Structure formats: C-alpha cells, structure tokens
>>> print(open('model_37.txt').read())   # compact mmCIF, C-alpha atoms and all ligand atoms
# COMPACT_ATOMS: atom_id res chain seq x y z
CA MET Q 93 141.66 75.77 48.34
CA LYS Q 94 140.91 74.98 44.70
CA THR Q 95 138.04 76.88 43.13
CA ILE Q 96 134.69 75.10 43.09
CA ASP Q 97 132.74 74.24 39.96
CA PRO Q 98 129.12 74.92 41.00
CA ARG Q 99 127.83 72.68 38.19
CA GLN Q 100 128.98 69.70 40.27
CA TYR Q 101 126.35 70.51 42.89
CA GLU Q 102 122.58 70.17 42.72
CA HIS Q 103 121.61 72.45 45.59
CA ILE Q 104 123.81 75.17 47.03
CA VAL Q 105 123.02 76.98 50.29
CA PHE Q 106 124.79 80.10 51.51
CA PHE Q 107 124.22 80.47 55.23
CA THR Q 108 125.11 84.00 56.28
CA GLY Q 109 125.57 86.00 59.46
CA ALA Q 110 126.58 89.52 60.37
CA GLY Q 111 130.15 89.01 59.10
CA MET Q 112 128.69 88.83 55.59
CA SER Q 113 127.79 92.51 55.80
CA ALA Q 114 130.82 93.66 57.82
CA GLU Q 115 132.80 94.85 54.80
CA SER Q 116 129.77 96.84 53.68
CA GLY Q 117 130.13 98.76 56.94
CA VAL Q 118 127.22 97.19 58.84
CA PRO Q 119 128.50 96.43 62.36
CA THR Q 120 128.44 92.83 63.58
CA TYR Q 121 126.74 91.96 66.87
CA ARG Q 122 129.64 90.51 68.85
CA GLY Q 123 133.33 91.28 69.14
CA ARG Q 124 135.03 94.66 69.00
CA GLY Q 125 132.66 97.38 67.76
CA GLY Q 126 129.77 94.89 67.85
CA LEU Q 127 126.26 96.24 68.34
CA TRP Q 128 125.71 94.45 71.64
CA SER Q 129 128.87 96.00 73.11
CA GLN Q 130 127.38 99.47 72.48
CA TYR Q 131 123.70 98.87 73.20
CA ARG Q 132 122.07 96.65 75.79
CA TRP Q 133 119.75 94.34 73.87
CA GLU Q 134 117.51 94.29 76.98
CA GLU Q 135 116.67 97.94 76.22
CA TYR Q 136 116.26 97.67 72.46
CA ALA Q 137 115.80 94.14 71.19
CA CYS Q 138 113.22 92.22 73.17
CA GLU Q 139 109.45 92.25 73.57
CA ASP Q 140 109.65 93.67 77.12
CA ALA Q 141 111.66 96.66 75.91
CA PHE Q 142 109.10 97.32 73.18
CA ALA Q 143 106.15 96.98 75.56
CA GLY Q 144 107.82 99.35 78.03
CA ASP Q 145 108.94 102.05 75.59
CA PRO Q 146 107.92 101.48 71.96
CA LYS Q 147 109.18 104.91 70.83
CA LYS Q 148 112.69 104.22 72.12
CA VAL Q 149 112.81 100.84 70.39
CA LEU Q 150 111.42 102.17 67.10
CA LYS Q 151 113.91 105.08 67.15
CA PHE Q 152 116.76 102.61 67.66
CA HIS Q 153 115.61 100.58 64.68
CA GLU Q 154 115.34 103.75 62.59
CA LEU Q 155 118.97 104.49 63.46
CA ARG Q 156 119.86 101.01 62.24
CA ARG Q 157 117.87 101.52 59.03
CA ALA Q 158 119.71 104.79 58.35
CA ALA Q 159 123.08 103.12 59.03
CA VAL Q 160 122.29 100.22 56.67
CA LEU Q 161 121.01 102.52 53.93
CA ALA Q 162 124.36 104.30 54.00
CA CYS Q 163 126.09 100.98 53.23
CA GLN Q 164 126.33 99.17 49.92
CA PRO Q 165 126.49 95.44 49.15
CA HIS Q 166 130.05 94.30 48.37
CA ALA Q 167 131.70 91.93 45.91
CA GLY Q 168 130.81 88.90 48.06
CA HIS Q 169 127.08 89.69 47.95
CA ALA Q 170 127.42 90.22 44.19
CA ALA Q 171 129.18 86.86 43.73
CA ILE Q 172 126.27 85.03 45.40
CA ALA Q 173 123.67 86.94 43.38
CA THR Q 174 125.53 86.22 40.13
CA LEU Q 175 125.74 82.51 40.92
CA GLU Q 176 121.99 82.40 41.50
CA LYS Q 177 121.49 83.62 37.93
CA GLN Q 178 123.76 80.91 36.53
CA HIS Q 179 122.72 78.00 38.71
CA PRO Q 180 119.08 76.96 39.10
CA ARG Q 181 119.18 76.00 42.74
CA VAL Q 182 121.02 78.52 44.87
CA MET Q 183 119.47 79.58 48.16
CA VAL Q 184 120.56 82.10 50.77
CA VAL Q 185 119.56 81.40 54.37
CA THR Q 186 120.49 84.50 56.30
CA GLN Q 187 120.41 85.57 59.92
CA ASN Q 188 120.81 89.15 58.76
CA ILE Q 189 117.97 91.63 58.82
CA ASP Q 190 119.65 94.23 56.62
CA GLY Q 191 118.35 93.16 53.18
CA MET Q 192 121.84 93.37 51.64
CA HIS Q 193 121.51 90.11 49.71
CA GLN Q 194 118.33 91.34 48.04
CA ARG Q 195 119.93 94.71 47.24
CA ALA Q 196 122.77 92.84 45.54
CA GLY Q 197 120.22 90.97 43.39
CA SER Q 198 119.65 87.68 45.23
CA GLY Q 199 116.04 86.51 44.91
CA ASN Q 200 116.04 83.24 46.85
CA VAL Q 201 116.57 84.56 50.36
CA ILE Q 202 115.17 83.11 53.57
CA GLU Q 203 115.41 85.64 56.40
CA LEU Q 204 115.57 83.67 59.63
CA HIS Q 205 115.54 86.69 61.92
CA GLY Q 206 113.12 88.92 60.01
CA SER Q 207 113.83 92.23 58.38
CA LEU Q 208 114.56 95.83 59.30
CA TRP Q 209 112.33 96.85 56.41
CA ARG Q 210 109.12 95.37 57.79
CA LEU Q 211 106.75 96.27 60.63
CA ARG Q 212 104.11 94.09 62.22
CA CYS Q 213 100.71 94.99 63.63
CA PRO Q 214 99.37 92.52 66.20
CA ASP Q 215 96.01 92.48 64.35
CA ASP Q 216 96.52 93.75 60.83
CA GLY Q 217 99.62 91.91 59.63
CA ILE Q 218 102.89 92.94 58.11
CA SER Q 219 103.80 96.07 56.16
CA GLY Q 220 107.06 96.95 54.49
CA ASP Q 221 108.83 100.13 53.51
CA ILE Q 222 112.35 101.31 52.72
CA GLY Q 223 113.71 104.53 54.16
CA ALA Q 224 115.61 105.75 57.18
CA LYS Q 225 112.37 106.49 58.98
CA TYR Q 226 109.37 104.16 59.16
CA LYS Q 227 106.33 105.54 57.31
CA GLY Q 228 104.47 105.49 60.61
CA TRP Q 229 104.86 104.03 64.07
CA LYS Q 230 101.22 103.13 64.55
CA CYS Q 231 98.85 101.01 62.49
CA GLU Q 232 96.64 103.16 60.24
CA LYS Q 233 93.73 100.76 60.72
CA CYS Q 234 93.70 100.03 64.44
CA GLY Q 235 96.14 102.49 65.99
CA SER Q 236 98.33 99.82 67.65
CA TRP Q 237 102.07 100.34 67.90
CA LEU Q 238 103.80 98.62 65.00
CA ARG Q 239 106.73 96.47 66.04
CA PRO Q 240 109.75 95.73 63.87
CA ASP Q 241 109.23 92.34 62.21
CA ILE Q 242 112.48 91.07 63.69
CA VAL Q 243 113.22 88.06 65.84
CA TRP Q 244 114.35 89.58 69.13
CA PHE Q 245 115.86 87.92 72.17
CA GLY Q 246 113.29 85.60 73.73
CA ASP Q 247 111.20 85.36 70.54
CA ILE Q 248 110.47 82.11 68.78
CA LEU Q 249 111.39 81.84 65.12
CA ASP Q 250 108.53 81.75 62.64
CA GLN Q 251 107.74 78.07 62.09
CA GLY Q 252 107.18 78.39 58.33
CA VAL Q 253 110.43 80.27 57.81
CA MET Q 254 112.33 77.79 59.96
CA SER Q 255 110.88 74.78 58.12
CA ALA Q 256 111.74 76.28 54.72
CA ALA Q 257 115.31 76.94 55.86
CA ILE Q 258 115.79 73.47 57.30
CA ALA Q 259 114.33 71.84 54.17
CA ALA Q 260 116.71 73.83 51.94
CA ILE Q 261 119.71 72.94 54.11
CA ARG Q 262 118.74 69.27 54.35
CA ARG Q 263 118.63 68.94 50.58
CA CYS Q 264 121.82 70.85 49.76
CA ASP Q 265 125.01 69.15 48.69
CA LEU Q 266 127.15 72.29 49.02
CA PHE Q 267 126.82 74.41 52.15
CA VAL Q 268 128.80 77.63 52.52
CA SER Q 269 128.63 79.36 55.88
CA ILE Q 270 129.82 82.96 55.97
CA GLY Q 271 130.45 85.30 58.87
CA THR Q 272 128.54 83.84 61.77
CA SER Q 273 129.76 83.26 65.31
CA GLY Q 274 127.51 80.21 65.69
CA VAL Q 275 126.26 81.08 69.15
CA VAL Q 276 122.63 82.08 68.59
CA TYR Q 277 120.29 79.10 68.46
CA PRO Q 278 118.36 77.65 66.74
CA ALA Q 279 120.18 79.09 63.68
CA ALA Q 280 123.57 78.04 65.04
CA GLY Q 281 122.47 74.40 64.85
CA PHE Q 282 121.41 74.55 61.20
CA PRO Q 283 124.82 73.66 59.71
CA ARG Q 284 124.43 70.22 61.30
CA PHE Q 285 121.54 69.48 58.92
CA ALA Q 286 123.89 69.99 55.99
CA LYS Q 287 126.49 67.76 57.60
CA GLU Q 288 123.92 65.02 58.19
CA ASN Q 289 123.11 65.15 54.47
CA HIS Q 290 126.83 64.69 53.70
CA ALA Q 291 126.96 68.06 51.99
CA ARG Q 292 130.38 69.54 51.40
CA CYS Q 293 130.58 72.16 54.16
CA ILE Q 294 132.75 75.25 53.80
CA GLU Q 295 133.21 78.05 56.30
CA ILE Q 296 134.31 81.58 55.44
CA ASN Q 297 135.27 83.50 58.55
CA PRO Q 298 138.54 85.24 59.47
CA GLU Q 299 138.20 83.76 62.97
CA ALA Q 300 137.54 80.21 64.15
CA ASN Q 301 134.73 79.51 66.60
CA GLU Q 302 133.10 76.56 68.33
CA MET Q 303 131.29 75.46 65.17
CA SER Q 304 134.41 75.51 62.99
CA SER Q 305 135.30 71.85 63.53
CA LEU Q 306 132.06 70.85 61.77
CA TYR Q 307 133.31 72.16 58.44
CA ASP Q 308 135.25 70.20 55.83
CA GLU Q 309 137.15 73.34 54.85
CA SER Q 310 137.61 76.70 56.54
CA LEU Q 311 138.72 79.79 54.69
CA ARG Q 312 140.24 82.23 57.15
CA ASP Q 313 139.45 85.18 54.98
CA THR Q 314 136.75 87.82 54.66
CA ALA Q 315 133.52 87.38 52.72
CA GLY Q 316 134.38 90.17 50.29
CA ARG Q 317 137.72 88.60 49.37
CA ALA Q 318 136.91 84.89 49.51
CA LEU Q 319 133.52 84.70 47.77
CA PRO Q 320 134.41 86.29 44.42
CA GLU Q 321 137.26 83.77 44.09
CA LEU Q 322 135.49 80.68 45.34
CA PHE Q 323 133.74 79.55 42.14
CA VAL Q 324 135.05 78.91 38.65
CA GLN Q 325 133.46 81.10 36.02
CA PHE Q 326 131.48 79.26 33.37
P1 LIG Q 401 128.07 87.82 65.26
O1 LIG Q 401 128.31 89.30 65.45
O2 LIG Q 401 127.81 87.03 66.47
O3 LIG Q 401 129.31 87.16 64.53
C1 LIG Q 401 129.87 87.73 63.39
C2 LIG Q 401 130.89 86.78 62.81
O4 LIG Q 401 131.37 87.32 61.59
C3 LIG Q 401 132.11 86.51 63.69
O5 LIG Q 401 132.35 85.11 63.75
C4 LIG Q 401 133.26 87.21 62.95
O6 LIG Q 401 134.51 86.52 63.10
C5 LIG Q 401 132.79 87.13 61.51
N1 LIG Q 401 133.29 88.17 60.62
C6 LIG Q 401 133.64 89.44 60.91
N2 LIG Q 401 134.01 90.11 59.82
C7 LIG Q 401 133.90 89.24 58.78
C8 LIG Q 401 134.13 89.34 57.36
N3 LIG Q 401 134.54 90.47 56.81
N4 LIG Q 401 133.91 88.24 56.60
C9 LIG Q 401 133.46 87.07 57.17
N5 LIG Q 401 133.22 86.95 58.49
C10 LIG Q 401 133.44 87.99 59.29
O7 LIG Q 401 126.90 87.69 64.19
P2 LIG Q 401 125.88 86.49 63.92
O8 LIG Q 401 126.54 85.17 64.06
O9 LIG Q 401 125.19 86.79 62.64
O10 LIG Q 401 120.12 88.01 66.05
O11 LIG Q 401 124.85 86.69 65.10
C11 LIG Q 401 123.73 85.87 65.17
C12 LIG Q 401 122.56 86.65 65.68
O12 LIG Q 401 122.89 87.30 66.90
C13 LIG Q 401 122.11 87.78 64.80
O13 LIG Q 401 121.27 87.38 63.73
C14 LIG Q 401 121.36 88.65 65.75
C15 LIG Q 401 122.30 88.62 66.93
O14 LIG Q 401 121.73 88.86 68.16
C16 LIG Q 401 119.01 88.72 66.10
O15 LIG Q 401 118.98 89.92 65.92
C17 LIG Q 401 117.84 87.88 66.40
>>> encode(input="model_37.txt", output="structure tokens", more="lines below")
Ligand code: OAD
Amino acid sequence: MKTIDPRQYEHIVFFTGAGMSAESGVPTYRGRGGLWSQYRWEEYACEDAFAGDPKKVLKFHELRRAAVLACQPHAGHAAIATLEKQHPRVMVVTQNIDGMHQRAGSGNVIELHGSLWRLRCPDDGISGDIGAKYKGWKCEKCGSWLRPDIVWFGDILDQGVMSAAIAAIRRCDLFVSIGTSGVVYPAAGFPRFAKENHARCIEINPEANEMSSLYDESLRDTAGRALPELFVQF
C-alpha cells in the first residue's frame, strides 16, 4: 500500500484494540496466550465477581497494573502521538484500558472500556492513580469498596463516552483500525459508522477476522511495523 498523506484528510480516527499493545508485551484477550485463556473472566471481570470477592478482583487488577507498568509504548503508539501533533484533528478511540496511548503522548483519547488507572466509588465518584498497587481499596470518605473503573462483562458502556466515540467516528474521513478481533459489542460495530460516512477504512491486523471484509484495505502486519510507515512525513 502507498503511504498516506494525512493532510488529505480532515478527521482521522485510530480505533485500537489489544493487538495495539501486543508488541509492548501486554497480552491480548483472545488467541494463544490471551488473558481469557488463562483467567476465567467470570471470576475476575464482572460485577458478580467483584460483589462476591472484591479483594480477589482488586488483586487481579493490581497484577495487570504491574504487568502494564513493566511494558513500554512502541513505535506504533509513537507514530499516532506524533501525527496528533502535526494534524489538528486526530482522535484515538481505544478499547484498551492500559493507558499506553497516553504514555506515548496522545492527548485525544477516548477510552471505551475504562482504565486500569482509575477506581470508582459508588457514592463518591472516580479517583485515579498510577502504580502497581492501588493507593487504597476502600473509599476514604465512605468506606465502600472501590471498583476498577473498567467496563466488565455484562456492564453497559458509559453513554457519554459512547456518544463521543460515535460522533468522532461518524465525522472521520480516514479510519484506521488496529489490533482488534471485532467480537466484543458494541465497540465491534463502531467501524460501520465510519463506513456509512464513506471514510477510507484501513485495518492493521496480522490476522483476518469477521469484520475484515468491511475495510477498503487490510495490512496483514503488526501495529509496531505498519504504523510508522503508514504516513508520509511532512
Ligand atoms: P482481542 O484479544 O480479542 O483481539 C486482539 C486482536 O489483535 C486479534 O485480532 C489479533 O489478531 C490482533 N493482534 C495481535 N497482535 C497484533 C499486533 N502486533 N499488531 C496488530 N494486531 C495484533 O482484543 P480486543 O479486540 O481488543 O474488553 O478485545 C475487545 C475487548 O474484549 C477488550 O477491550 C476487552 C476484552 O474482553 C473489556 O475488558 C471490556
């Protein structure tokens, strides 16, 4: 594929999934070595699990925080962050909770599935901290268990976050999807909004999946190799 001149596009959206962080060393969810082949999400990633054993769930998320902190953003994350500095309207819509885009320097990031770096009190709102361990497991004000501010199985996506993501995708004229299996809805349906807007749709994923036919072009390569070469330098 020829390199893309980003100046030809008004609004660019990068839509990312776990494959975006794979070369940083963060495991994906599905496939060989995927998180859900090692851990049952029913025990660690749903409201029932948290209600039944909050300590176990919080410990699991601390393990994930430690694992992510040991990883670094790669050249693909950097390429997106650099483009944002050169082009006024670049947006990342990510399903990832690892904060890698922000660590690479991206500022316009919509986190569809929440963040490993935030906790939520049912009464006193959201708090954030960075570190392998959470600062505390219970709310300092009311004593409730704090739950990771992450969209777990069975949860509904935050309406405001979802609307912002859909609006960004609906207005984009270049849509680049990277490293997602396209099986977890509603996020998996979002590329259709770009298609409906007649955006140029590009997929970066070493493997094809059920959503692949939607794309105008598919790069069967990794995020870390394909992204730094995708755009012309200007
Ligand atoms: P998956 O683990 O389902 O899919 C990862 C995708 O990345 C696969 O299609 C791989 O082929 C691709 N991939 C692997 N290595 C890659 C690389 N180096 N470069 C590019 N692509 C690569 O992850 P998601 O689609 O993100 O939800 O999963 C969606 C949601 O399911 C996650 O956000 C999470 C999970 O349950 C929540 O936690 C709510």
>>> closest_atom_pairs(input="model_37.txt", of="chain Q", to="ligand LIG 401 (chain Q)", cutoff="7 Å", atoms="only C-alpha atoms and all ligand atoms", output="Markdown table")
| residue | atom | partner | partner_atom | distance |
| --- | --- | --- | --- | --- |
| Q:Thr108 | CA | Q:LIG401 | O9 | 6.9 |
| Q:Gly109 | CA | Q:LIG401 | O9 | 3.3 |
| Q:Ala110 | CA | Q:LIG401 | O9 | 3.8 |
| Q:Gly111 | CA | Q:LIG401 | O4 | 3.2 |
| Q:Met112 | CA | Q:LIG401 | C9 | 5.3 |
| Q:Ala114 | CA | Q:LIG401 | N3 | 5.0 |
| Q:Glu115 | CA | Q:LIG401 | N3 | 5.1 |
| Q:Thr120 | CA | Q:LIG401 | O1 | 4.0 |
| Q:Tyr121 | CA | Q:LIG401 | O1 | 3.4 |
| Q:Arg122 | CA | Q:LIG401 | O1 | 3.8 |
| Q:Gly123 | CA | Q:LIG401 | O1 | 6.5 |
| Q:Gly126 | CA | Q:LIG401 | O1 | 6.3 |
| Q:Gln187 | CA | Q:LIG401 | O13 | 4.3 |
| Q:Asn188 | CA | Q:LIG401 | O13 | 5.3 |
| Q:His205 | CA | Q:LIG401 | C17 | 5.2 |
| Q:Ile242 | CA | Q:LIG401 | C17 | 6.8 |
| Q:Val243 | CA | Q:LIG401 | C17 | 4.7 |
| Q:Trp244 | CA | Q:LIG401 | C17 | 4.7 |
| Q:Phe245 | CA | Q:LIG401 | C17 | 6.1 |
| Q:Ile270 | CA | Q:LIG401 | C9 | 5.6 |
| Q:Gly271 | CA | Q:LIG401 | N5 | 3.2 |
| Q:Thr272 | CA | Q:LIG401 | O8 | 3.3 |
| Q:Ser273 | CA | Q:LIG401 | O5 | 3.5 |
| Q:Gly274 | CA | Q:LIG401 | O8 | 5.3 |
| Q:Val275 | CA | Q:LIG401 | O8 | 6.5 |
| Q:Val276 | CA | Q:LIG401 | C11 | 5.2 |
| Q:Ile296 | CA | Q:LIG401 | C9 | 5.8 |
| Q:Asn297 | CA | Q:LIG401 | N5 | 4.0 |
| Q:Pro298 | CA | Q:LIG401 | O6 | 5.6 |
| Q:Glu299 | CA | Q:LIG401 | O6 | 4.6 |
| Q:Asn301 | CA | Q:LIG401 | O5 | 6.7 |
| Q:Asp313 | CA | Q:LIG401 | N4 | 6.5 |
| Q:Thr314 | CA | Q:LIG401 | N4 | 3.5 |
| Q:Ala315 | CA | Q:LIG401 | N4 | 4.0 |
| Q:Gly316 | CA | Q:LIG401 | N3 | 6.5 |
>>> atom_distance(input="model_37.txt", atom1="CA of Ile258 in chain Q", atom2="CA of Ala167 in chain Q")
26.9 Å
>>> residues_around(input="model_37.txt", residues="range 97-103 of chain Q", least_positions_apart="5", cutoff="9 Å", atoms="all atoms listed in the file", output="PDB file with C-alpha atoms, keeping the file's coordinate frame")
ATOM      1  CA  LEU Q 175     125.740  82.510  40.920  1.00  0.00           C
ATOM      2  CA  HIS Q 179     122.720  78.000  38.710  1.00  0.00           C
ATOM      3  CA  PRO Q 180     119.080  76.960  39.100  1.00  0.00           C
ATOM      4  CA  ARG Q 181     119.180  76.000  42.740  1.00  0.00           C
ATOM      5  CA  VAL Q 182     121.020  78.520  44.870  1.00  0.00           C
ATOM      6  CA  MET Q 183     119.470  79.580  48.160  1.00  0.00           C
ATOM      7  CA  ALA Q 260     116.710  73.830  51.940  1.00  0.00           C
ATOM      8  CA  ILE Q 261     119.710  72.940  54.110  1.00  0.00           C
ATOM      9  CA  ARG Q 263     118.630  68.940  50.580  1.00  0.00           C
ATOM     10  CA  CYS Q 264     121.820  70.850  49.760  1.00  0.00           C
ATOM     11  CA  ASP Q 265     125.010  69.150  48.690  1.00  0.00           C
ATOM     12  CA  LEU Q 266     127.150  72.290  49.020  1.00  0.00           C
ATOM     13  CA  PHE Q 267     126.820  74.410  52.150  1.00  0.00           C
ATOM     14  CA  LEU Q 322     135.490  80.680  45.340  1.00  0.00           C
ATOM     15  CA  PHE Q 323     133.740  79.550  42.140  1.00  0.00           C
ATOM     16  CA  VAL Q 324     135.050  78.910  38.650  1.00  0.00           C
ATOM     17  CA  GLN Q 325     133.460  81.100  36.020  1.00  0.00           C
ATOM     18  CA  PHE Q 326     131.480  79.260  33.370  1.00  0.00           C
TER      19      PHE Q 326
END
>>> atom_distance(input="model_37.txt", atom1="CA of Asp216 in chain Q", atom2="CA of Ala257 in chain Q")
25.7 Å
>>> axis_aligned_box(input="model_37.txt", around="range 260-274 of chain Q", padding_each_side="4 Å", output="AutoDock Vina command-line options")
--center_x 123.6 --center_y 77.1 --center_z 57.2 --size_x 21.7 --size_y 24.4 --size_z 25.0
>>> atom_distance(input="model_37.txt", atom1="CA of Phe106 in chain Q", atom2="CA of Ile189 in chain Q")
15.3 Å
>>> residues_around(input="model_37.txt", residues="Glu295 in chain Q", least_positions_apart="3", cutoff="8 Å", atoms="only C-alpha atoms", output="JSON, numbers by chain")
{"Q": [268, 269, 270, 304, 307, 309, 310, 311]}
>>> closest_residue(input="model_37.txt", among="Q:Ile222, Q:Val118, Q:Cys293, Q:Leu204", to="Asp308 in chain Q", atoms="all atoms listed in the file")
Q:Cys293
>>> closest_residue(input="model_37.txt", among="Q:Val184, Q:Ile248, Q:Ala158, Q:Cys234", to="Leu208 in chain Q", atoms="all atoms listed in the file")
Q:Ala158
